[in-house]
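What follows is data21.txt (compact mmCIF, C-alpha atoms).
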# COMPACT_ATOMS: atom_id res chain seq x y z
CA MET A 11 -53.43 116.49 -2.25
CA THR A 12 -52.04 114.24 -5.00
CA TYR A 13 -52.85 110.54 -4.72
CA TRP A 14 -51.17 107.61 -6.46
CA VAL A 15 -53.18 104.55 -7.45
CA TYR A 16 -51.36 101.22 -7.26
CA HIS A 17 -52.48 98.74 -9.93
CA GLU A 18 -50.76 95.40 -10.44
CA ARG A 19 -51.34 93.92 -13.88
CA GLN A 20 -51.87 90.19 -14.16
CA GLU A 21 -49.59 87.59 -15.62
CA ALA A 22 -50.14 83.85 -15.20
CA MET A 23 -52.88 83.09 -12.67
CA LEU A 24 -51.67 85.00 -9.64
CA CYS A 25 -54.77 87.18 -9.49
CA GLY A 26 -55.25 86.43 -5.77
CA GLN A 27 -51.89 88.03 -5.02
CA HIS A 28 -52.64 90.98 -7.31
CA ALA A 29 -56.07 91.48 -5.74
CA LEU A 30 -54.56 91.65 -2.25
CA ASN A 31 -51.80 94.07 -3.27
CA ASN A 32 -54.23 96.28 -5.18
CA LEU A 33 -56.54 96.29 -2.15
CA VAL A 34 -53.82 97.45 0.27
CA GLN A 35 -52.20 99.69 -2.40
CA ALA A 36 -48.72 98.24 -2.00
CA ASN A 37 -46.57 95.33 -3.15
CA ALA A 38 -47.10 93.72 0.25
CA PHE A 39 -47.64 90.06 -0.65
CA THR A 40 -45.56 87.75 -2.84
CA PRO A 41 -46.38 84.31 -4.28
CA VAL A 42 -43.88 82.82 -1.82
CA SER A 43 -45.42 84.44 1.27
CA LEU A 44 -48.92 83.39 0.24
CA ALA A 45 -47.75 79.86 -0.57
CA GLU A 46 -46.27 79.62 2.93
CA ILE A 47 -49.63 80.58 4.42
CA ALA A 48 -51.32 77.97 2.21
CA GLY A 49 -48.88 75.35 3.50
CA GLN A 50 -49.56 76.32 7.10
CA LEU A 51 -53.31 76.04 6.57
CA ASP A 52 -52.90 72.65 4.87
CA GLN A 53 -50.87 71.39 7.81
CA MET A 54 -53.43 72.66 10.31
CA GLU A 55 -56.16 70.78 8.41
CA LEU A 56 -54.06 67.60 8.38
CA ASN A 57 -53.28 67.92 12.09
CA TYR A 58 -56.98 68.31 12.82
CA MET A 59 -57.84 65.22 10.76
CA ALA A 60 -55.06 63.23 12.43
CA SER A 61 -56.42 64.13 15.87
CA ASN A 62 -60.10 63.59 15.15
CA ASN A 63 -60.24 60.66 12.71
CA GLU A 64 -60.17 57.08 13.93
CA GLY A 65 -56.85 55.66 12.78
CA GLY A 66 -55.10 59.03 12.90
CA VAL A 67 -52.47 59.49 10.21
CA SER A 68 -53.22 55.98 8.91
CA SER A 69 -56.92 56.62 8.32
CA LYS A 70 -58.27 56.52 4.78
CA ASP A 71 -59.56 60.09 5.02
CA TYR A 72 -56.18 61.41 6.17
CA LEU A 73 -54.22 59.57 3.47
CA LYS A 74 -56.72 60.66 0.83
CA ARG A 75 -56.41 64.30 1.91
CA LEU A 76 -52.62 63.97 1.94
CA ALA A 77 -52.57 62.53 -1.58
CA GLU A 78 -54.83 65.29 -2.90
CA GLY A 79 -52.15 67.89 -2.21
CA SER A 80 -52.85 71.44 -1.16
CA GLY A 81 -56.41 72.55 -0.68
CA ASN A 82 -55.34 76.18 -0.45
CA VAL A 83 -53.23 76.76 -3.57
CA ASP A 84 -53.27 74.93 -6.90
CA GLU A 85 -50.46 74.36 -9.40
CA SER A 86 -51.31 77.54 -11.30
CA GLY A 87 -50.91 79.77 -8.24
CA ASN A 88 -54.60 80.29 -7.48
CA PHE A 89 -55.05 80.80 -3.72
CA SER A 90 -58.10 80.07 -1.57
CA ILE A 91 -60.13 82.68 0.27
CA GLU A 92 -58.71 81.36 3.54
CA VAL A 93 -55.19 82.24 2.37
CA LEU A 94 -56.26 85.76 1.44
CA ARG A 95 -58.05 86.18 4.76
CA SER A 96 -55.09 84.90 6.77
CA ALA A 97 -52.68 87.16 4.86
CA LEU A 98 -54.73 90.29 5.55
CA LEU A 99 -55.31 89.37 9.18
CA SER A 100 -51.66 88.59 9.97
CA ARG A 101 -50.17 91.59 8.14
CA TYR A 102 -52.78 94.31 8.75
CA ASN A 103 -55.19 92.86 11.33
CA ILE A 104 -57.95 93.26 8.75
CA GLU A 105 -60.87 90.85 8.45
CA LEU A 106 -62.43 89.90 5.10
CA PRO A 107 -66.01 88.66 5.67
CA ASN A 108 -68.48 87.78 2.95
CA ILE A 109 -70.69 90.79 2.29
CA ARG A 110 -73.74 88.55 2.81
CA GLN A 111 -72.59 87.73 6.34
CA GLN A 112 -75.19 88.35 9.01
CA GLY A 113 -75.00 91.88 10.35
CA LEU A 114 -73.39 93.42 7.26
CA SER A 115 -76.70 93.92 5.45
CA LYS A 116 -77.24 97.02 7.60
CA VAL A 117 -73.90 98.55 6.56
CA GLU A 118 -74.15 100.92 3.59
CA VAL A 119 -71.96 99.66 0.73
CA THR A 120 -70.67 103.15 -0.05
CA THR A 121 -69.20 103.46 3.45
CA MET A 122 -66.96 100.41 3.04
CA ASP A 123 -63.24 100.74 2.29
CA GLY A 124 -62.92 97.99 -0.29
CA PHE A 125 -63.92 94.63 -1.72
CA ILE A 126 -62.38 91.41 -2.98
CA CYS A 127 -64.46 89.65 -5.63
CA ASN A 128 -64.12 86.03 -6.76
CA ARG A 129 -65.66 83.76 -9.36
CA SER A 130 -64.12 80.46 -10.36
CA SER A 131 -60.34 81.06 -10.38
CA HIS A 132 -60.35 84.85 -10.77
CA TRP A 133 -59.97 87.44 -8.00
CA PHE A 134 -59.99 91.23 -8.21
CA ALA A 135 -60.22 94.22 -5.90
CA ILE A 136 -62.38 97.33 -5.66
CA ARG A 137 -60.92 100.03 -3.41
CA LYS A 138 -61.86 103.50 -2.19
CA ILE A 139 -59.09 106.07 -2.79
CA ASN A 140 -59.61 109.75 -2.07
CA ASP A 141 -63.35 109.16 -1.70
CA ARG A 142 -63.56 107.52 -5.16
CA TYR A 143 -64.04 103.81 -5.80
CA TRP A 144 -61.73 102.14 -8.31
CA ASN A 145 -62.09 98.84 -10.10
CA LEU A 146 -58.53 97.47 -9.78
CA ASN A 147 -59.08 94.26 -11.73
CA SER A 148 -55.60 93.02 -12.71
CA THR A 149 -56.82 92.11 -16.20
CA LEU A 150 -57.70 95.76 -16.95
CA GLU A 151 -55.26 98.00 -18.83
CA ARG A 152 -55.74 100.64 -16.11
CA PRO A 153 -58.05 101.25 -13.11
CA GLU A 154 -61.63 102.31 -13.78
CA VAL A 155 -63.72 104.65 -11.62
CA ILE A 156 -66.95 103.35 -10.11
CA SER A 157 -69.22 106.14 -8.93
CA HIS A 158 -70.88 106.01 -5.52
CA PHE A 159 -74.20 105.95 -7.34
CA ARG A 160 -73.19 102.84 -9.35
CA LEU A 161 -71.30 100.97 -6.61
CA ALA A 162 -74.26 99.22 -4.96
CA ALA A 163 -75.63 98.16 -8.35
CA GLU A 164 -72.17 96.90 -9.42
CA VAL A 165 -71.77 94.81 -6.28
CA GLU A 166 -75.26 93.40 -6.66
CA ALA A 167 -74.64 92.60 -10.35
CA LEU A 168 -71.40 90.79 -9.48
CA GLN A 169 -73.24 88.58 -6.97
CA THR A 170 -76.05 87.91 -9.44
CA SER A 171 -73.49 86.79 -12.06
CA GLY A 172 -71.96 84.27 -9.65
CA TYR A 173 -69.25 86.26 -7.88
CA SER A 174 -68.62 85.95 -4.18
CA VAL A 175 -67.95 89.41 -2.74
CA PHE A 176 -65.87 89.89 0.40
CA CYS A 177 -65.56 93.27 2.05
CA VAL A 178 -63.34 95.42 4.24
CA VAL A 179 -65.57 97.72 6.26
CA ASP A 180 -62.73 100.02 7.35
CA SER A 181 -59.07 100.28 8.42
CA LEU A 182 -57.40 99.67 5.05
CA PRO A 183 -53.90 101.20 4.80
CA PRO A 184 -53.97 104.74 3.39
CA PRO A 185 -53.16 105.26 -0.31
CA CYS A 186 -49.79 106.66 -1.30
CA THR A 187 -49.41 110.44 -1.54
CA ASN A 188 -45.74 110.80 -2.51
CA GLU A 189 -43.71 110.30 -5.66
CA ALA A 190 -41.48 107.61 -4.18
CA MET A 191 -43.78 104.91 -5.52
CA MET A 192 -42.92 105.27 -9.20
CA ASP A 193 -44.65 102.01 -10.16
CA GLN A 194 -47.97 103.64 -9.38
CA GLY A 195 -50.01 106.10 -11.44
CA LEU A 196 -51.41 109.50 -10.63
CA GLU A 197 -55.09 109.51 -9.81
CA ASP A 198 -55.49 112.90 -11.53
CA ASP A 199 -54.17 111.46 -14.81
CA LEU A 200 -56.96 108.90 -14.80
CA ILE A 201 -59.60 111.47 -13.93
CA LYS A 202 -58.39 113.77 -16.72
CA GLY A 203 -58.50 110.96 -19.27
CA LYS A 204 -54.78 110.71 -20.03
CA THR A 205 -55.20 107.17 -21.23
CA ASN A 206 -54.80 107.06 -25.01
CA ALA A 207 -51.24 108.13 -25.75
CA MET A 208 -48.75 105.67 -27.21
CA THR A 209 -45.73 106.65 -25.12
CA ARG A 210 -45.11 106.46 -21.38
CA ALA A 211 -44.27 110.18 -21.31
CA ASP A 212 -47.74 111.09 -22.53
CA ASP A 213 -49.53 108.21 -20.87
CA PRO A 214 -48.29 107.66 -17.29
CA TRP A 215 -50.43 104.50 -17.10
CA LYS A 216 -48.82 102.66 -19.99
CA ASP A 217 -47.36 99.41 -18.54
CA VAL A 218 -47.69 100.68 -14.96
CA GLY A 219 -47.74 98.13 -12.14
CA SER A 220 -47.20 95.04 -14.26
CA GLY A 221 -47.62 91.83 -12.28
CA ARG A 222 -45.15 89.06 -11.62
CA ARG A 223 -45.01 85.81 -13.53
CA LEU A 224 -44.54 82.47 -11.81
CA ASP A 225 -40.96 82.44 -13.14
CA GLY A 226 -40.20 85.66 -11.28
CA GLY A 227 -40.10 87.90 -14.37
CA THR A 228 -42.17 90.98 -15.06
CA LYS A 229 -44.36 92.08 -17.91
CA SER A 230 -41.61 94.24 -19.31
CA GLY A 231 -38.89 91.59 -18.86
CA GLY A 232 -37.13 90.28 -21.95
CA VAL A 233 -37.08 86.52 -21.53
CA GLY A 234 -40.52 84.96 -21.55
CA GLN A 235 -42.23 88.24 -22.50
CA GLN A 236 -45.78 87.50 -23.55
CA SER A 237 -47.00 88.71 -26.92
CA LYS A 238 -50.62 88.29 -25.94
CA GLN A 239 -52.30 90.31 -23.20
CA ILE A 240 -53.71 88.30 -20.31
CA SER A 241 -57.14 89.86 -20.85
CA GLU A 242 -57.21 88.34 -24.36
CA MET A 243 -56.43 84.82 -23.18
CA THR A 244 -58.85 82.03 -22.40
CA GLU A 245 -58.64 80.34 -18.99
CA GLU A 246 -57.01 77.34 -20.70
CA GLU A 247 -54.29 79.57 -22.21
CA GLN A 248 -53.67 81.26 -18.84
CA LEU A 249 -53.35 77.87 -17.14
CA GLN A 250 -50.94 76.64 -19.82
CA MET A 251 -48.79 79.77 -19.42
CA ALA A 252 -48.74 79.36 -15.65
CA MET A 253 -47.76 75.70 -15.90
CA GLU A 254 -44.98 76.41 -18.38
CA ALA A 255 -43.56 79.12 -16.12
CA SER A 256 -43.79 76.83 -13.11
CA LEU A 257 -42.05 74.00 -14.96
CA GLU A 258 -39.32 76.38 -16.12
CA GLN A 259 -38.67 77.40 -12.52
CA ALA A 260 -38.70 73.79 -11.37
CA THR A 261 -36.16 72.90 -14.05
CA GLN A 262 -33.88 75.70 -12.86
CA ASN A 263 -34.22 74.62 -9.25
CA ASP A 264 -33.45 70.97 -10.05
CA SER A 265 -30.44 71.70 -12.24
CA VAL A 266 -28.09 71.00 -9.31
CA SER A 267 -27.94 67.39 -8.09
CA TYR A 268 -27.21 66.30 -4.52
CA PRO A 269 -25.78 62.75 -4.43
CA LEU A 270 -27.14 60.58 -1.64
CA THR A 271 -24.30 58.82 0.19
CA GLU A 272 -24.55 55.89 2.60
CA GLU A 273 -26.17 56.62 5.94
CA PRO A 274 -23.42 57.49 8.45
CA ALA A 275 -23.06 55.50 11.64
CA ASP A 276 -22.72 58.71 13.61
CA GLY A 277 -24.76 61.68 12.60
CA VAL A 278 -27.82 63.74 13.40
CA LYS A 279 -31.24 62.13 13.19
CA ILE A 280 -34.02 63.65 11.10
CA GLN A 281 -37.58 62.33 11.21
CA PHE A 282 -39.76 62.25 8.12
CA ARG A 283 -43.40 62.11 7.25
CA LEU A 284 -43.10 60.85 3.67
CA PRO A 285 -45.53 61.84 0.89
CA ASP A 286 -47.31 58.46 1.12
CA GLY A 287 -48.05 59.07 4.82
CA SER A 288 -45.45 56.67 6.19
CA ARG A 289 -42.78 57.64 8.72
CA ALA A 290 -39.00 57.27 8.49
CA VAL A 291 -35.89 58.24 10.44
CA ARG A 292 -32.43 58.68 8.91
CA LYS A 293 -29.04 59.94 10.02
CA PHE A 294 -27.16 62.64 8.11
CA LEU A 295 -23.88 64.43 8.59
CA GLU A 296 -24.33 68.01 9.74
CA SER A 297 -22.12 68.98 6.80
CA ASP A 298 -24.52 67.39 4.30
CA PHE A 299 -26.46 69.82 2.12
CA VAL A 300 -30.20 70.20 2.63
CA GLY A 301 -30.45 69.15 -1.02
CA THR A 302 -29.32 65.70 0.12
CA ILE A 303 -32.49 65.47 2.22
CA TYR A 304 -34.51 66.06 -0.95
CA SER A 305 -32.56 63.25 -2.67
CA TYR A 306 -33.37 60.90 0.21
CA VAL A 307 -37.10 61.65 0.25
CA SER A 308 -37.23 61.42 -3.56
CA SER A 309 -35.56 57.98 -3.37
CA LYS A 310 -38.35 56.89 -1.02
CA SER A 311 -41.00 58.32 -3.34
CA ASP A 312 -40.28 56.53 -6.63
CA ASP A 313 -37.89 59.35 -7.61
CA ARG A 314 -40.79 61.79 -7.93
CA ASN A 315 -40.38 65.50 -7.24
CA VAL A 316 -41.29 66.37 -3.67
CA GLU A 317 -41.99 69.42 -1.54
CA LEU A 318 -40.56 69.48 1.98
CA ARG A 319 -41.55 71.59 4.95
CA ALA A 320 -40.08 71.89 8.45
CA GLY A 321 -40.57 73.91 11.62
CA PHE A 322 -43.71 75.29 13.17
CA PRO A 323 -45.62 76.52 11.45
CA PRO A 324 -44.15 74.32 8.67
CA LYS A 325 -42.28 76.33 6.02
CA ASP A 326 -40.96 75.28 2.64
CA ILE A 327 -37.20 74.59 2.82
CA SER A 328 -36.41 74.52 -0.91
CA SER A 329 -34.53 77.83 -0.60
CA LYS A 330 -32.11 76.13 1.82
CA LYS A 331 -30.92 73.38 -0.51
CA ASP A 332 -27.41 74.84 -0.71
CA GLU A 333 -27.11 75.26 3.06
CA THR A 334 -25.73 72.55 5.29
CA ILE A 335 -28.04 70.75 7.70
CA ALA A 336 -26.26 72.53 10.55
CA GLU A 337 -26.73 75.95 8.93
CA ALA A 338 -30.40 75.26 8.26
CA LYS A 339 -30.85 73.99 11.85
CA LEU A 340 -32.63 70.84 10.72
CA ALA A 341 -30.94 68.38 13.09
CA GLY A 342 -33.62 66.51 15.04
CA GLU A 343 -36.44 68.14 13.07
CA MET A 344 -39.59 66.53 11.70
CA ILE A 345 -39.78 67.11 7.96
CA HIS A 346 -43.11 66.77 6.15
CA GLY A 347 -43.08 65.71 2.51
CA ARG A 348 -45.66 65.74 -0.23
CA TYR A 349 -45.62 65.15 -3.96
CA ALA A 350 -44.83 68.27 -5.99
Structure encoded using structure tokens:
Amino acid sequence: MTYWVYHERQEAMLCGQHALNNLVQANAFTPVSLAEIAGQLDQMELNYMASNNEGGVSSKDYLKRLAEGSGNVDESGNFSIEVLRSALLSRYNIELPNIRQQGLSKVEVTTMDGFICNRSSHWFAIRKINDRYWNLNSTLERPEVISHFRLAAEVEALQTSGYSVFCVVDSLPPPCTNEAMMDQGLEDDLIKGKTNAMTRADDPWKDVGSGRRLDGGTKSGGVGQQSKQISEMTEEEQLQMAMEASLEQATQNDSVSYPLTEEPADGVKIQFRLPDGSRAVRKFLESDFVGTIYSYVSSKSDDRNVELRAGFPPKDISSKKDETIAEAKLAGEMIHGRYA
């Protein structure tokens, strides 16, 4: 049987996303979906603090945590282990325990389906495909085979060098066995060493599975194409690239302005938890754009850029800026704001 190996290549610092997709062998998770999970986890932590700290939402600890921003995703797109765990559990009902967890020491490493490895801000996956283990590090040009004989030593060496190793004992989705997934490479090509040709025709792995940048482009895209491979960059250069891409996207998103008119006498009420922790209530017309809500919160936040979330679990509403409040069903909602 012919197997295809999915390998996302890294751009910017979205290695957590690439590690997850390489582990499940599919483009299953996006930066947006993982960011939503991060937001939900942040809100759960804040709700817990509000319920258990003396002073509630006015306590120093709560306000400090609120001002710190997300504890589950940073500005460069690096996600926490809790985000990765929640993503796997909600989509595939797969748990991701630390390999040092009690009870796993008796499980033979070579019987496990896969691993997620992390040190500092870098994540990568190791996955069993067709009874072979593959290093699917997104900074590699192409996947690399790890023999069963070497696997235990590799995992031990990673932990010795400071990596945290998380494992999937079983139940990973099966690898692809059909030609529909053309952004994947043939396992046999890797085994046979077809890795040195200069053209895609001779080298099926050339530019296969390139990752996504924060600005939504791809490795092969024209605008913003990087002349330097991610594997050749320092962490500082990667962070700078990620920030530039993020700022470019923010500039595009903010290119349309939404004038804030006087508060109507009759309208729908929307409650706010502002970025500084204070509360507010304001009336809007149902025909007002959601972007107007952003203008209001920004006016209450020294005209700083803000992120807004609504619903339960809270979800980012930036994609709804051009919808009316009625269309977005935000009348009567509680909207949570934080500094962007």
field: Residue neighbourhood range 99-111 of chain A, 8 Å, only C-alpha atoms, exclusion window fewer than 4 positions, as a ChimeraX atom specification
entry: /A:95,115,174-178,181-182
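Each of A:Asn140, A:Thr170, A:Ser305, A:Ser68 was compared to Gly287 in chain A using only C-alpha atoms, and A:Ser68 turns out to be the nearest.
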Take the point (-23.6, 55.9, 1.9) in the file's coordinates, draw a sphere of radius 12 Å around it, and report as a PDB file with C-alpha atoms, keeping the file's coordinate frame every protein, DNA or RNA residue with an atom inside or on it, counting all atoms listed in the file.
ATOM      1  CA  PRO A 269     -25.780  62.750  -4.430  1.00  0.00           C
ATOM      2  CA  LEU A 270     -27.140  60.580  -1.640  1.00  0.00           C
ATOM      3  CA  THR A 271     -24.300  58.820   0.190  1.00  0.00           C
ATOM      4  CA  GLU A 272     -24.550  55.890   2.600  1.00  0.00           C
ATOM      5  CA  GLU A 273     -26.170  56.620   5.940  1.00  0.00           C
ATOM      6  CA  PRO A 274     -23.420  57.490   8.450  1.00  0.00           C
ATOM      7  CA  ALA A 275     -23.060  55.500  11.640  1.00  0.00           C
ATOM      8  CA  ARG A 292     -32.430  58.680   8.910  1.00  0.00           C
ATOM      9  CA  LYS A 293     -29.040  59.940  10.020  1.00  0.00           C
ATOM     10  CA  PHE A 294     -27.160  62.640   8.110  1.00  0.00           C
ATOM     11  CA  LEU A 295     -23.880  64.430   8.590  1.00  0.00           C
ATOM     12  CA  ASP A 298     -24.520  67.390   4.300  1.00  0.00           C
ATOM     13  CA  THR A 302     -29.320  65.700   0.120  1.00  0.00           C
ATOM     14  CA  TYR A 306     -33.370  60.900   0.210  1.00  0.00           C
TER      15      TYR A 306
END
message: Measuring between only C-alpha atoms, which one of A:Asp326, A:Glu92, A:Asp71, A:Glu337 shows the shortest distance to Gly49 in chain A?
response: A:Asp326
- request: Can you pull out every residue within 8 Å of Ser148 in chain A, counting all atoms listed in the file, but drop anything in the same chain fewer than 4 positions away, and send it as number ranges by chain?
  value: A: 17-20, 25, 28-29, 134
Identify, on the basis of all atoms listed in the file, every residue whose closest approach to Glu154 in chain A does not exceed 9 Å; exclude the query and any residue fewer than 4 positions from it along the same chain; express the result as a short mmCIF file (atom, residue, chain, number, x, y, z; two decimals) with C-alpha atoms, in the frame of the given file.
data_model
loop_
_atom_site.label_atom_id
_atom_site.label_comp_id
_atom_site.auth_asym_id
_atom_site.auth_seq_id
_atom_site.Cartn_x
_atom_site.Cartn_y
_atom_site.Cartn_z
CA TYR A 143 -64.04 103.81 -5.80
CA TRP A 144 -61.73 102.14 -8.31
CA ASN A 145 -62.09 98.84 -10.10
CA LEU A 146 -58.53 97.47 -9.78
CA ASN A 147 -59.08 94.26 -11.73
CA LEU A 150 -57.70 95.76 -16.95
CA LEU A 200 -56.96 108.90 -14.80
#
query: What is the distance, in Å and to one decimal place, between CA of Ala350 in chain A and CA of Ser267 in chain A?
result: 17.0 Å
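Comparing the minimum interatomic distances between Lys74 in chain A and each of A:Asn62, A:Val93, A:Arg314, A:Pro285, counting all atoms listed in the file, we find that A:Pro285 sits nearest.
Take CA of Leu24 in chain A and CA of Gly347 in chain A: the distance between them is 24.4 Å.
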task: Excluding Gly26 in chain A and any residue of its chain fewer than 2 positions from it, enumerate the residues within 12 Å of it, using only C-alpha atoms, and give them as a ChimeraX atom specification.
output: /A:18-24,28-33,39-41,44-45,82-84,86-95,97-98,126-135,147-149,221-222
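Distances from A:Ile303, A:Ala167, A:Leu114, A:Val34 to Asp332 in chain A were compared using all atoms listed in the file, and the smallest one belongs to A:Ile303.
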message: Using all atoms listed in the file for the distances, tell me which of A:Gly342, A:Asn57, A:Ala36, A:Lys330 is nearest to Cys186 in chain A.
response: A:Ala36
message: Need the shell around range 116-122 of chain A: protein/DNA/RNA residues with any atom at most 7 Å away, counting only C-alpha atoms. Skip same-chain ones fewer than 4 positions apart. Format as a PyMOL selection string?
response: chain A and resi 158+161-162+178-180
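Proximity of A:Ile47, A:Ala38, A:Ala338, A:Val316 to Gly79 in chain A, computed with all atoms listed in the file, is greatest for A:Val316.
Separating CA of Arg137 in chain A from CA of Pro184 in chain A is a distance of 10.8 Å.
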